[in-house]
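Text of structure_35.cif, listed as mmCIF, C-alpha atoms:
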data_run
#
loop_
_atom_site.label_atom_id
_atom_site.label_comp_id
_atom_site.auth_asym_id
_atom_site.auth_seq_id
_atom_site.Cartn_x
_atom_site.Cartn_y
_atom_site.Cartn_z
CA MET A 12 41.46 124.28 80.49
CA THR A 13 38.35 125.88 81.93
CA ASP A 14 35.73 127.00 79.43
CA PHE A 15 34.65 130.24 81.11
CA ARG A 16 32.15 130.95 78.34
CA ARG A 17 30.35 127.64 78.84
CA LEU A 18 30.26 127.99 82.62
CA LEU A 19 29.04 131.60 82.59
CA LEU A 20 26.35 130.83 80.03
CA ALA A 21 25.18 127.77 81.96
CA LEU A 22 24.70 129.92 85.05
CA ALA A 23 23.16 132.89 83.24
CA ASP A 24 20.79 130.78 81.12
CA ALA A 25 19.48 129.08 84.27
CA GLY A 26 18.81 132.48 85.86
CA VAL A 27 21.32 131.99 88.68
CA GLU A 28 22.01 135.16 90.68
CA PHE A 29 25.78 135.41 91.01
CA ILE A 30 28.71 137.81 91.00
CA VAL A 31 31.92 137.07 89.12
CA VAL A 32 34.93 137.53 91.41
CA GLY A 33 38.56 136.35 91.36
CA GLY A 34 40.76 135.96 88.31
CA VAL A 35 38.00 136.13 85.71
CA ALA A 36 36.75 139.39 87.23
CA ALA A 37 40.33 140.67 87.18
CA ALA A 38 40.60 139.70 83.50
CA ALA A 39 37.31 141.46 82.73
CA HIS A 40 38.82 144.60 84.24
CA GLY A 41 41.92 144.25 82.06
CA ALA A 42 44.33 142.05 84.00
CA VAL A 43 46.46 139.85 81.76
CA ARG A 44 47.32 137.14 84.28
CA THR A 45 45.87 133.74 83.49
CA THR A 46 43.54 131.95 85.88
CA LEU A 47 42.54 128.33 86.11
CA ASP A 48 39.07 128.59 87.55
CA LEU A 49 35.88 130.63 87.60
CA ASP A 50 35.06 132.08 91.03
CA ILE A 51 31.53 133.24 91.73
CA VAL A 52 29.64 134.45 94.79
CA TYR A 53 26.15 132.99 94.57
CA ARG A 54 23.00 134.13 96.34
CA ARG A 55 21.99 131.67 99.05
CA THR A 56 18.23 131.77 98.69
CA ALA A 57 16.29 128.55 98.23
CA ASP A 58 15.18 129.50 94.72
CA ASN A 59 18.67 130.47 93.64
CA ILE A 60 20.20 127.31 95.06
CA ARG A 61 17.68 125.30 93.02
CA ARG A 62 18.68 127.23 89.89
CA LEU A 63 22.36 126.66 90.67
CA ILE A 64 21.80 122.92 91.02
CA ALA A 65 19.95 122.81 87.70
CA ALA A 66 22.56 124.93 85.92
CA LEU A 67 25.52 122.73 86.77
CA LEU A 68 23.87 119.30 86.84
CA PRO A 69 24.36 118.67 83.08
CA ILE A 70 28.11 119.29 83.38
CA HIS A 71 28.59 116.86 86.26
CA PRO A 72 30.05 118.87 89.16
CA TYR A 73 32.35 116.95 91.50
CA LEU A 74 34.56 117.99 94.41
CA ARG A 75 37.91 119.10 93.00
CA GLY A 76 40.79 117.02 94.30
CA ALA A 77 38.53 114.44 95.92
CA PRO A 78 39.25 110.80 95.15
CA PRO A 79 37.03 109.31 92.45
CA GLY A 80 34.05 107.43 93.80
CA LEU A 81 33.60 109.59 96.88
CA PRO A 82 29.87 109.92 97.53
CA PHE A 83 28.96 113.43 96.48
CA LEU A 84 25.39 114.40 95.82
CA TRP A 85 24.85 117.58 93.84
CA ASP A 86 21.61 118.58 95.47
CA GLU A 87 20.00 121.31 97.58
CA ARG A 88 20.91 119.64 100.87
CA THR A 89 24.59 119.61 99.96
CA ILE A 90 24.57 123.30 99.10
CA VAL A 91 22.49 124.32 102.12
CA ASN A 92 24.74 122.36 104.49
CA GLY A 93 27.91 123.83 102.99
CA LEU A 94 28.98 127.30 101.94
CA ASN A 95 31.96 127.32 99.59
CA PHE A 96 32.57 124.57 97.05
CA THR A 97 35.59 123.98 94.83
CA LEU A 98 34.36 121.91 91.94
CA ILE A 99 35.53 120.30 88.74
CA THR A 100 32.99 119.99 85.93
CA ASP A 101 32.95 118.92 82.29
CA ALA A 102 33.58 122.60 81.48
CA GLY A 103 36.46 122.99 83.91
CA GLU A 104 37.01 124.35 87.38
CA ILE A 105 34.54 126.51 89.27
CA ASP A 106 34.51 127.80 92.84
CA LEU A 107 31.07 128.51 94.27
CA LEU A 108 31.41 130.91 97.16
CA GLY A 109 28.66 131.69 99.63
CA GLU A 110 30.83 134.50 100.90
CA ILE A 111 34.36 135.80 100.55
CA ILE A 112 36.83 137.14 103.08
CA ALA A 113 36.22 140.86 103.68
CA GLY A 114 33.67 140.91 100.87
CA GLY A 115 30.83 139.12 102.57
CA ASP A 116 27.91 137.42 100.90
CA PHE A 117 25.96 138.13 97.71
CA GLU A 118 23.72 140.73 99.35
CA ARG A 119 26.63 142.72 100.75
CA LEU A 120 28.77 142.41 97.64
CA SER A 121 25.99 143.25 95.19
CA SER A 122 26.30 146.97 95.95
CA HIS A 123 29.95 146.82 94.87
CA THR A 124 29.55 145.44 91.38
CA ILE A 125 29.49 146.61 87.80
CA GLU A 126 27.57 145.07 84.92
CA VAL A 127 29.65 143.68 82.07
CA GLU A 128 28.56 142.37 78.70
CA LEU A 129 29.91 138.84 78.34
CA PHE A 130 28.88 136.33 75.70
CA GLY A 131 25.63 138.14 75.04
CA LYS A 132 24.62 138.44 78.70
CA ARG A 133 24.75 141.29 81.20
CA LEU A 134 26.59 139.81 84.16
CA SER A 135 27.48 141.20 87.58
CA CYS A 136 31.17 141.51 88.23
CA ILE A 137 32.88 142.75 91.37
CA ALA A 138 34.03 146.36 90.94
CA LEU A 139 37.76 146.87 90.47
CA ASP A 140 38.25 148.88 93.67
CA GLU A 141 36.26 146.33 95.68
CA LEU A 142 38.32 143.48 94.19
CA ILE A 143 41.47 145.28 95.31
CA ARG A 144 40.01 145.91 98.76
CA VAL A 145 39.09 142.26 99.39
CA LYS A 146 42.40 140.97 98.03
CA ARG A 147 44.28 143.40 100.26
CA ALA A 148 42.19 142.32 103.25
CA ALA A 149 42.84 138.64 102.53
CA GLY A 150 46.57 139.40 102.70
CA ARG A 151 47.67 136.29 100.83
CA PRO A 152 51.23 136.48 99.49
CA LYS A 153 50.10 134.73 96.30
CA ASP A 154 47.91 137.76 95.56
CA PHE A 155 50.69 140.37 95.70
CA GLU A 156 51.51 140.20 91.98
CA ALA A 157 47.83 140.25 91.05
CA LEU A 158 47.24 143.21 93.37
CA ALA A 159 50.08 145.17 91.80
CA GLU A 160 48.50 144.63 88.38
CA LEU A 161 44.99 145.54 89.60
CA GLU A 162 46.21 148.72 91.29
CA LYS A 163 48.03 149.70 88.08
CA LEU A 164 44.77 149.18 86.20
CA LEU A 165 42.97 151.39 88.70
CA GLU A 166 45.61 154.09 88.23
CA LEU A 167 45.37 153.82 84.44
CA GLY A 168 41.57 154.09 84.67
CA ARG A 169 41.68 157.14 86.89
CA SER A 170 44.32 158.86 84.77
CA GLY A 171 42.15 158.25 81.71
CA MET B 10 29.39 154.91 94.95
CA THR B 11 32.55 156.79 95.97
CA PRO B 12 35.67 155.16 94.53
CA LEU B 13 37.93 153.69 97.17
CA VAL B 14 41.34 155.24 97.69
CA PHE B 15 44.08 152.91 98.86
CA PRO B 16 47.08 153.99 100.88
CA PRO B 17 50.22 152.66 99.19
CA ASP B 18 51.27 149.26 100.48
CA PRO B 19 55.09 149.09 100.42
CA VAL B 20 55.13 145.42 99.35
CA ILE B 21 52.67 145.97 96.51
CA GLU B 22 54.56 149.08 95.41
CA VAL B 23 57.66 146.90 94.89
CA TYR B 24 55.65 144.43 92.83
CA LYS B 25 54.27 147.28 90.72
CA HIS B 26 57.75 147.94 89.33
CA HIS B 27 57.50 144.56 87.57
CA VAL B 28 54.09 145.13 85.98
CA ASP B 29 54.27 145.57 82.21
CA GLU B 30 52.07 148.62 81.73
CA SER B 31 52.11 148.29 77.93
CA LEU B 32 50.38 144.90 78.22
CA LEU B 33 47.70 146.45 80.40
CA ARG B 34 47.18 149.31 77.95
CA GLU B 35 46.74 146.78 75.12
CA SER B 36 44.32 144.77 77.24
CA LEU B 37 42.24 147.87 77.98
CA LYS B 38 41.68 148.36 74.23
CA ARG B 39 39.72 145.08 74.19
CA THR B 40 36.21 144.39 75.45
CA PRO B 41 35.83 142.39 78.70
CA GLU B 42 34.71 139.39 76.61
CA GLN B 43 37.80 139.61 74.40
CA ARG B 44 40.00 139.77 77.52
CA ILE B 45 38.48 136.58 78.91
CA LEU B 46 38.81 134.80 75.58
CA ALA B 47 42.46 135.90 75.50
CA ILE B 48 43.25 134.27 78.85
CA MET B 49 41.47 131.11 77.68
CA SER B 50 43.68 131.06 74.58
CA MET B 51 46.75 131.49 76.76
CA ASP B 52 45.63 128.63 79.00
CA GLU B 53 45.14 126.46 75.93
CA LEU B 54 48.60 127.32 74.64
CA VAL B 55 50.18 126.50 78.00
CA GLY B 56 48.30 123.18 78.06
CA ASP B 57 49.47 122.33 74.53
CA LEU B 58 53.07 123.15 75.44
CA ARG B 59 52.89 121.09 78.62
CA ARG B 60 51.54 118.07 76.73
CA ALA B 61 54.19 118.45 74.02
CA ILE B 62 56.95 118.50 76.65
CA GLN B 63 55.48 115.45 78.38
CA ARG B 64 55.38 113.57 75.05
CA ARG B 65 58.96 114.53 74.29
CA ASN B 66 60.15 113.52 77.77
CA ALA B 67 58.36 110.17 77.43
CA GLN B 68 60.37 109.31 74.30
CA PRO B 69 63.35 107.02 74.88
#

Mind turning this structure into structure tokens?
Amino acid sequence: MTDFRRLLLALADAGVEFIVVGGVAAAAHGAVRTTLDLDIVYRRTADNIRRLIAALLPIHPYLRGAPPGLPFLWDERTIVNGLNFTLITDAGEIDLLGEIIAGGDFERLSSHTIEVELFGKRLSCIALDELIRVKRAAGRPKDFEALAELEKLLELGRSG
Amino acid sequence: MTPLVFPPDPVIEVYKHHVDESLLRESLKRTPEQRILAIMSMDELVGDLRRAIQRRNAQP
């Protein structure tokens, strides 16, 4: 089980600039579907990458699904040379996304967020209509059920 | 920021018939933090059930 609280606090306490997307964002908006991992879009500046490294280092990030013993260095070079990382940590599963399909990178997405109060922190979360837009654009069959739920939530919100 | 308006997608409209609106209404009464804690509790329950089934299946 992924401890979303622990992961979010690790990132927030280290001052990482990030936006919550994916299933946890959907849950924050009211979706009741479970999710296995925390998805975030992180800002790819040198300072933020350093904060990201420091935030996750104590919980031992490793490539999810990779065979044990594979050389994997959790350092700035790894992050700079890559973009999106699916990781397993002591606190569970986290996907670090430099950008998302149709949503773009942190800078583009940051104008489509809301602030939510989670575990004593004010965190950026992708707005519900933007979450629907990017999921629609991705066009993945596995998202159809989630999209139906998100669009219902949007309708409920607009109808008051 | 102007809210986006989505043209109905026929596939998603079919899926919408299966969404339990009462669950969503209950969820919307909670805070975002409570909603996330709720899905963590559900994950924990599913994990407990899975382990219990594995233990049972492992018995001769």

Taking all atoms listed in the file into account, which residues of chain B are within 8 Å of chain A, as a ChimeraX atom specification? /B:12-13,20-22,24-25,28,30,32-33,36-37,40-42,44-45,48-49,51-53,56

Taking C-alpha atoms for each residue, export the selection above as a CSV table (one decimal), keeping the file's coordinate frame.
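For reference, selection_22.csv as written:
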chain,number,residue,atom,x,y,z
B,12,PRO,CA,35.7,155.2,94.5
B,13,LEU,CA,37.9,153.7,97.2
B,20,VAL,CA,55.1,145.4,99.4
B,21,ILE,CA,52.7,146.0,96.5
B,22,GLU,CA,54.6,149.1,95.4
B,24,TYR,CA,55.6,144.4,92.8
B,25,LYS,CA,54.3,147.3,90.7
B,28,VAL,CA,54.1,145.1,86.0
B,30,GLU,CA,52.1,148.6,81.7
B,32,LEU,CA,50.4,144.9,78.2
B,33,LEU,CA,47.7,146.4,80.4
B,36,SER,CA,44.3,144.8,77.2
B,37,LEU,CA,42.2,147.9,78.0
B,40,THR,CA,36.2,144.4,75.4
B,41,PRO,CA,35.8,142.4,78.7
B,42,GLU,CA,34.7,139.4,76.6
B,44,ARG,CA,40.0,139.8,77.5
B,45,ILE,CA,38.5,136.6,78.9
B,48,ILE,CA,43.2,134.3,78.8
B,49,MET,CA,41.5,131.1,77.7
B,51,MET,CA,46.8,131.5,76.8
B,52,ASP,CA,45.6,128.6,79.0
B,53,GLU,CA,45.1,126.5,75.9
B,56,GLY,CA,48.3,123.2,78.1

Give me the residues within 10 Å of stretch 68-71 of chain A as a tab-separated table (two decimals) with C-alpha atoms, in the frame of the given file, counting only C-alpha atoms and dropping any in the same chain fewer than 6 places off.
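Output file out29.tsv is given in full below:
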chain	number	residue	atom	x	y	z
A	17	ARG	CA	30.35	127.64	78.84
A	18	LEU	CA	30.26	127.99	82.62
A	21	ALA	CA	25.18	127.77	81.96
A	62	ARG	CA	18.68	127.23	89.89
A	85	TRP	CA	24.85	117.58	93.84
A	86	ASP	CA	21.61	118.58	95.47
A	98	LEU	CA	34.36	121.91	91.94
A	99	ILE	CA	35.53	120.30	88.74
A	100	THR	CA	32.99	119.99	85.93
A	101	ASP	CA	32.95	118.92	82.29
A	102	ALA	CA	33.58	122.60	81.48
A	103	GLY	CA	36.46	122.99	83.91

Going by the chain IDs and residue numbers used in this file, which residues fall under the PyMOL selection byres ((chain A and resi 121) around 10)? Write them as a list in words.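 Output from the PyMOL selection byres ((chain A and resi 121) around 10), applied to this file: Phe29, Ile30, Val52, Arg54, Gly114, Gly115, Asp116, Phe117, Glu118, Arg119, Leu120, Ser122, His123, Thr124, Ile125, Ser135, Cys136, Ile137 and Ala138 of chain A.
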
Rounded to one decimal in Å, what is the spacing between atom CA of A:Ala148 and atom CA of A:Gly33?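 For atom CA of A:Ala148 relative to atom CA of A:Gly33, the distance reads 13.8 Å.
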
Distance of atom CA of A:Ile64 from atom CA of A:Val31, expressed in Å to one decimal place: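 For atom CA of A:Val31 relative to atom CA of A:Ile64, the distance reads 17.5 Å.
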
Separation of atom CA of A:Ala66 and atom CA of A:Leu22, in Å?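 Here the two named atoms are 5.5 Å from each other.
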
Within 7 Å of A:Asp106 using all atoms listed in the file, minus same-chain residues under 3 positions, as a ChimeraX atom specification: /A:49-51,96-98

If you keep C-alpha atoms, can you produce a file of those selected residues as a CSV table (one decimal), in the coordinates of the input?
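Saved result, again-v6.csv, follows:
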chain,number,residue,atom,x,y,z
A,49,LEU,CA,35.9,130.6,87.6
A,50,ASP,CA,35.1,132.1,91.0
A,51,ILE,CA,31.5,133.2,91.7
A,96,PHE,CA,32.6,124.6,97.0
A,97,THR,CA,35.6,124.0,94.8
A,98,LEU,CA,34.4,121.9,91.9

Find the residue from A:Glu87, A:Glu126, A:Asp58, A:Asp48 that sits nearest to A:Glu104; use all atoms listed in the file when measuring.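 Looking at the shortest contact to A:Glu104, the residue is A:Asp48.
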
Skipping near chain neighbours, those fewer than 6 positions away, what residues fall within 9 Å of A:Val145 using all atoms listed in the file, listed as a PDB file with C-alpha atoms, in the coordinates of the input?
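File produced: result.pdb:
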ATOM      1  CA  ILE A 111      34.360 135.800 100.550  1.00  0.00           C
ATOM      2  CA  ILE A 112      36.830 137.140 103.080  1.00  0.00           C
ATOM      3  CA  ALA A 113      36.220 140.860 103.680  1.00  0.00           C
ATOM      4  CA  GLY A 114      33.670 140.910 100.870  1.00  0.00           C
TER       5      GLY A 114
END

May I have the residues within 8 Å of A:Asn95 as a ChimeraX atom specification, using all atoms listed in the file and disregarding those fewer than 4 positions away in the same chain? /A:106-110

Output stretch 13-44 of chain B from the block with N, CA, C and O atoms, as a PDB file, in the first residue's frame?
ATOM      1  N   LEU B  13     -13.607  24.600 -18.616  1.00  0.00           N
ATOM      2  CA  LEU B  13     -13.695  23.912 -19.901  1.00  0.00           C
ATOM      3  C   LEU B  13     -15.061  23.257 -20.034  1.00  0.00           C
ATOM      4  O   LEU B  13     -15.644  22.801 -19.055  1.00  0.00           O
ATOM      5  N   VAL B  14     -15.567  23.237 -21.257  1.00  0.00           N
ATOM      6  CA  VAL B  14     -16.819  22.538 -21.541  1.00  0.00           C
ATOM      7  C   VAL B  14     -16.487  21.406 -22.507  1.00  0.00           C
ATOM      8  O   VAL B  14     -15.811  21.629 -23.512  1.00  0.00           O
ATOM      9  N   PHE B  15     -16.922  20.206 -22.155  1.00  0.00           N
ATOM     10  CA  PHE B  15     -16.561  19.046 -22.964  1.00  0.00           C
ATOM     11  C   PHE B  15     -17.752  18.548 -23.769  1.00  0.00           C
ATOM     12  O   PHE B  15     -18.824  18.306 -23.196  1.00  0.00           O
ATOM     13  N   PRO B  16     -17.563  18.382 -25.071  1.00  0.00           N
ATOM     14  CA  PRO B  16     -18.638  17.755 -25.843  1.00  0.00           C
ATOM     15  C   PRO B  16     -18.799  16.309 -25.376  1.00  0.00           C
ATOM     16  O   PRO B  16     -17.799  15.661 -25.050  1.00  0.00           O
ATOM     17  N   PRO B  17     -20.020  15.812 -25.311  1.00  0.00           N
ATOM     18  CA  PRO B  17     -20.199  14.435 -24.818  1.00  0.00           C
ATOM     19  C   PRO B  17     -19.451  13.433 -25.697  1.00  0.00           C
ATOM     20  O   PRO B  17     -19.504  13.523 -26.926  1.00  0.00           O
ATOM     21  N   ASP B  18     -18.743  12.535 -25.036  1.00  0.00           N
ATOM     22  CA  ASP B  18     -18.065  11.451 -25.744  1.00  0.00           C
ATOM     23  C   ASP B  18     -18.974  10.227 -25.611  1.00  0.00           C
ATOM     24  O   ASP B  18     -19.303   9.827 -24.491  1.00  0.00           O
ATOM     25  N   PRO B  19     -19.408   9.634 -26.729  1.00  0.00           N
ATOM     26  CA  PRO B  19     -20.393   8.551 -26.633  1.00  0.00           C
ATOM     27  C   PRO B  19     -19.932   7.365 -25.784  1.00  0.00           C
ATOM     28  O   PRO B  19     -20.750   6.737 -25.093  1.00  0.00           O
ATOM     29  N   VAL B  20     -18.631   7.070 -25.819  1.00  0.00           N
ATOM     30  CA  VAL B  20     -18.128   5.939 -25.014  1.00  0.00           C
ATOM     31  C   VAL B  20     -18.220   6.282 -23.532  1.00  0.00           C
ATOM     32  O   VAL B  20     -18.713   5.495 -22.712  1.00  0.00           O
ATOM     33  N   ILE B  21     -17.784   7.488 -23.185  1.00  0.00           N
ATOM     34  CA  ILE B  21     -17.799   7.882 -21.767  1.00  0.00           C
ATOM     35  C   ILE B  21     -19.236   8.012 -21.266  1.00  0.00           C
ATOM     36  O   ILE B  21     -19.533   7.675 -20.113  1.00  0.00           O
ATOM     37  N   GLU B  22     -20.125   8.442 -22.131  1.00  0.00           N
ATOM     38  CA  GLU B  22     -21.541   8.547 -21.728  1.00  0.00           C
ATOM     39  C   GLU B  22     -22.086   7.183 -21.321  1.00  0.00           C
ATOM     40  O   GLU B  22     -22.863   7.079 -20.365  1.00  0.00           O
ATOM     41  N   VAL B  23     -21.682   6.131 -22.031  1.00  0.00           N
ATOM     42  CA  VAL B  23     -22.124   4.773 -21.665  1.00  0.00           C
ATOM     43  C   VAL B  23     -21.582   4.403 -20.289  1.00  0.00           C
ATOM     44  O   VAL B  23     -22.301   3.895 -19.430  1.00  0.00           O
ATOM     45  N   TYR B  24     -20.299   4.698 -20.077  1.00  0.00           N
ATOM     46  CA  TYR B  24     -19.697   4.384 -18.772  1.00  0.00           C
ATOM     47  C   TYR B  24     -20.375   5.159 -17.647  1.00  0.00           C
ATOM     48  O   TYR B  24     -20.459   4.679 -16.518  1.00  0.00           O
ATOM     49  N   LYS B  25     -20.846   6.356 -17.940  1.00  0.00           N
ATOM     50  CA  LYS B  25     -21.471   7.182 -16.891  1.00  0.00           C
ATOM     51  C   LYS B  25     -22.708   6.518 -16.289  1.00  0.00           C
ATOM     52  O   LYS B  25     -23.038   6.755 -15.130  1.00  0.00           O
ATOM     53  N   HIS B  26     -23.383   5.675 -17.089  1.00  0.00           N
ATOM     54  CA  HIS B  26     -24.574   4.991 -16.571  1.00  0.00           C
ATOM     55  C   HIS B  26     -24.225   4.078 -15.394  1.00  0.00           C
ATOM     56  O   HIS B  26     -25.088   3.714 -14.605  1.00  0.00           O
ATOM     57  N   HIS B  27     -22.951   3.683 -15.299  1.00  0.00           N
ATOM     58  CA  HIS B  27     -22.533   2.738 -14.260  1.00  0.00           C
ATOM     59  C   HIS B  27     -21.875   3.432 -13.062  1.00  0.00           C
ATOM     60  O   HIS B  27     -21.396   2.766 -12.151  1.00  0.00           O
ATOM     61  N   VAL B  28     -21.833   4.751 -13.103  1.00  0.00           N
ATOM     62  CA  VAL B  28     -21.236   5.483 -11.971  1.00  0.00           C
ATOM     63  C   VAL B  28     -22.276   5.624 -10.867  1.00  0.00           C
ATOM     64  O   VAL B  28     -23.419   6.020 -11.111  1.00  0.00           O
ATOM     65  N   ASP B  29     -21.885   5.247  -9.654  1.00  0.00           N
ATOM     66  CA  ASP B  29     -22.792   5.363  -8.504  1.00  0.00           C
ATOM     67  C   ASP B  29     -22.721   6.806  -7.976  1.00  0.00           C
ATOM     68  O   ASP B  29     -21.784   7.167  -7.256  1.00  0.00           O
ATOM     69  N   GLU B  30     -23.708   7.586  -8.348  1.00  0.00           N
ATOM     70  CA  GLU B  30     -23.696   9.006  -7.990  1.00  0.00           C
ATOM     71  C   GLU B  30     -23.800   9.217  -6.478  1.00  0.00           C
ATOM     72  O   GLU B  30     -23.273  10.208  -5.948  1.00  0.00           O
ATOM     73  N   SER B  31     -24.468   8.291  -5.788  1.00  0.00           N
ATOM     74  CA  SER B  31     -24.620   8.464  -4.336  1.00  0.00           C
ATOM     75  C   SER B  31     -23.255   8.380  -3.637  1.00  0.00           C
ATOM     76  O   SER B  31     -22.998   9.094  -2.662  1.00  0.00           O
ATOM     77  N   LEU B  32     -22.363   7.515  -4.167  1.00  0.00           N
ATOM     78  CA  LEU B  32     -21.015   7.435  -3.597  1.00  0.00           C
ATOM     79  C   LEU B  32     -20.260   8.748  -3.799  1.00  0.00           C
ATOM     80  O   LEU B  32     -19.541   9.205  -2.912  1.00  0.00           O
ATOM     81  N   LEU B  33     -20.449   9.334  -4.967  1.00  0.00           N
ATOM     82  CA  LEU B  33     -19.766  10.608  -5.243  1.00  0.00           C
ATOM     83  C   LEU B  33     -20.297  11.714  -4.334  1.00  0.00           C
ATOM     84  O   LEU B  33     -19.529  12.533  -3.821  1.00  0.00           O
ATOM     85  N   ARG B  34     -21.608  11.716  -4.129  1.00  0.00           N
ATOM     86  CA  ARG B  34     -22.192  12.748  -3.259  1.00  0.00           C
ATOM     87  C   ARG B  34     -21.653  12.603  -1.826  1.00  0.00           C
ATOM     88  O   ARG B  34     -21.370  13.602  -1.158  1.00  0.00           O
ATOM     89  N   GLU B  35     -21.527  11.360  -1.358  1.00  0.00           N
ATOM     90  CA  GLU B  35     -20.962  11.128  -0.022  1.00  0.00           C
ATOM     91  C   GLU B  35     -19.507  11.592   0.028  1.00  0.00           C
ATOM     92  O   GLU B  35     -19.071  12.213   0.999  1.00  0.00           O
ATOM     93  N   SER B  36     -18.767  11.287  -1.027  1.00  0.00           N
ATOM     94  CA  SER B  36     -17.358  11.677  -1.081  1.00  0.00           C
ATOM     95  C   SER B  36     -17.210  13.196  -1.028  1.00  0.00           C
ATOM     96  O   SER B  36     -16.305  13.716  -0.365  1.00  0.00           O
ATOM     97  N   LEU B  37     -18.118  13.895  -1.710  1.00  0.00           N
ATOM     98  CA  LEU B  37     -18.019  15.358  -1.771  1.00  0.00           C
ATOM     99  C   LEU B  37     -18.319  16.017  -0.421  1.00  0.00           C
ATOM    100  O   LEU B  37     -18.003  17.196  -0.231  1.00  0.00           O
ATOM    101  N   LYS B  38     -18.889  15.256   0.515  1.00  0.00           N
ATOM    102  CA  LYS B  38     -19.124  15.814   1.859  1.00  0.00           C
ATOM    103  C   LYS B  38     -17.825  15.838   2.677  1.00  0.00           C
ATOM    104  O   LYS B  38     -17.750  16.481   3.713  1.00  0.00           O
ATOM    105  N   ARG B  39     -16.828  15.066   2.210  1.00  0.00           N
ATOM    106  CA  ARG B  39     -15.558  14.997   2.945  1.00  0.00           C
ATOM    107  C   ARG B  39     -14.587  16.059   2.439  1.00  0.00           C
ATOM    108  O   ARG B  39     -14.758  16.614   1.358  1.00  0.00           O
ATOM    109  N   THR B  40     -13.536  16.286   3.221  1.00  0.00           N
ATOM    110  CA  THR B  40     -12.456  17.169   2.769  1.00  0.00           C
ATOM    111  C   THR B  40     -11.556  16.374   1.809  1.00  0.00           C
ATOM    112  O   THR B  40     -11.557  15.134   1.838  1.00  0.00           O
ATOM    113  N   PRO B  41     -10.756  17.057   0.978  1.00  0.00           N
ATOM    114  CA  PRO B  41      -9.818  16.326   0.108  1.00  0.00           C
ATOM    115  C   PRO B  41      -8.912  15.371   0.900  1.00  0.00           C
ATOM    116  O   PRO B  41      -8.649  14.249   0.460  1.00  0.00           O
ATOM    117  N   GLU B  42      -8.462  15.811   2.077  1.00  0.00           N
ATOM    118  CA  GLU B  42      -7.597  14.937   2.888  1.00  0.00           C
ATOM    119  C   GLU B  42      -8.337  13.675   3.319  1.00  0.00           C
ATOM    120  O   GLU B  42      -7.801  12.561   3.244  1.00  0.00           O
ATOM    121  N   GLN B  43      -9.587  13.841   3.750  1.00  0.00           N
ATOM    122  CA  GLN B  43     -10.380  12.674   4.160  1.00  0.00           C
ATOM    123  C   GLN B  43     -10.609  11.717   2.989  1.00  0.00           C
ATOM    124  O   GLN B  43     -10.632  10.504   3.164  1.00  0.00           O
ATOM    125  N   ARG B  44     -10.757  12.263   1.786  1.00  0.00           N
ATOM    126  CA  ARG B  44     -10.969  11.413   0.604  1.00  0.00           C
ATOM    127  C   ARG B  44      -9.729  10.574   0.315  1.00  0.00           C
ATOM    128  O   ARG B  44      -9.823   9.405  -0.016  1.00  0.00           O
TER     129      ARG B  44
END
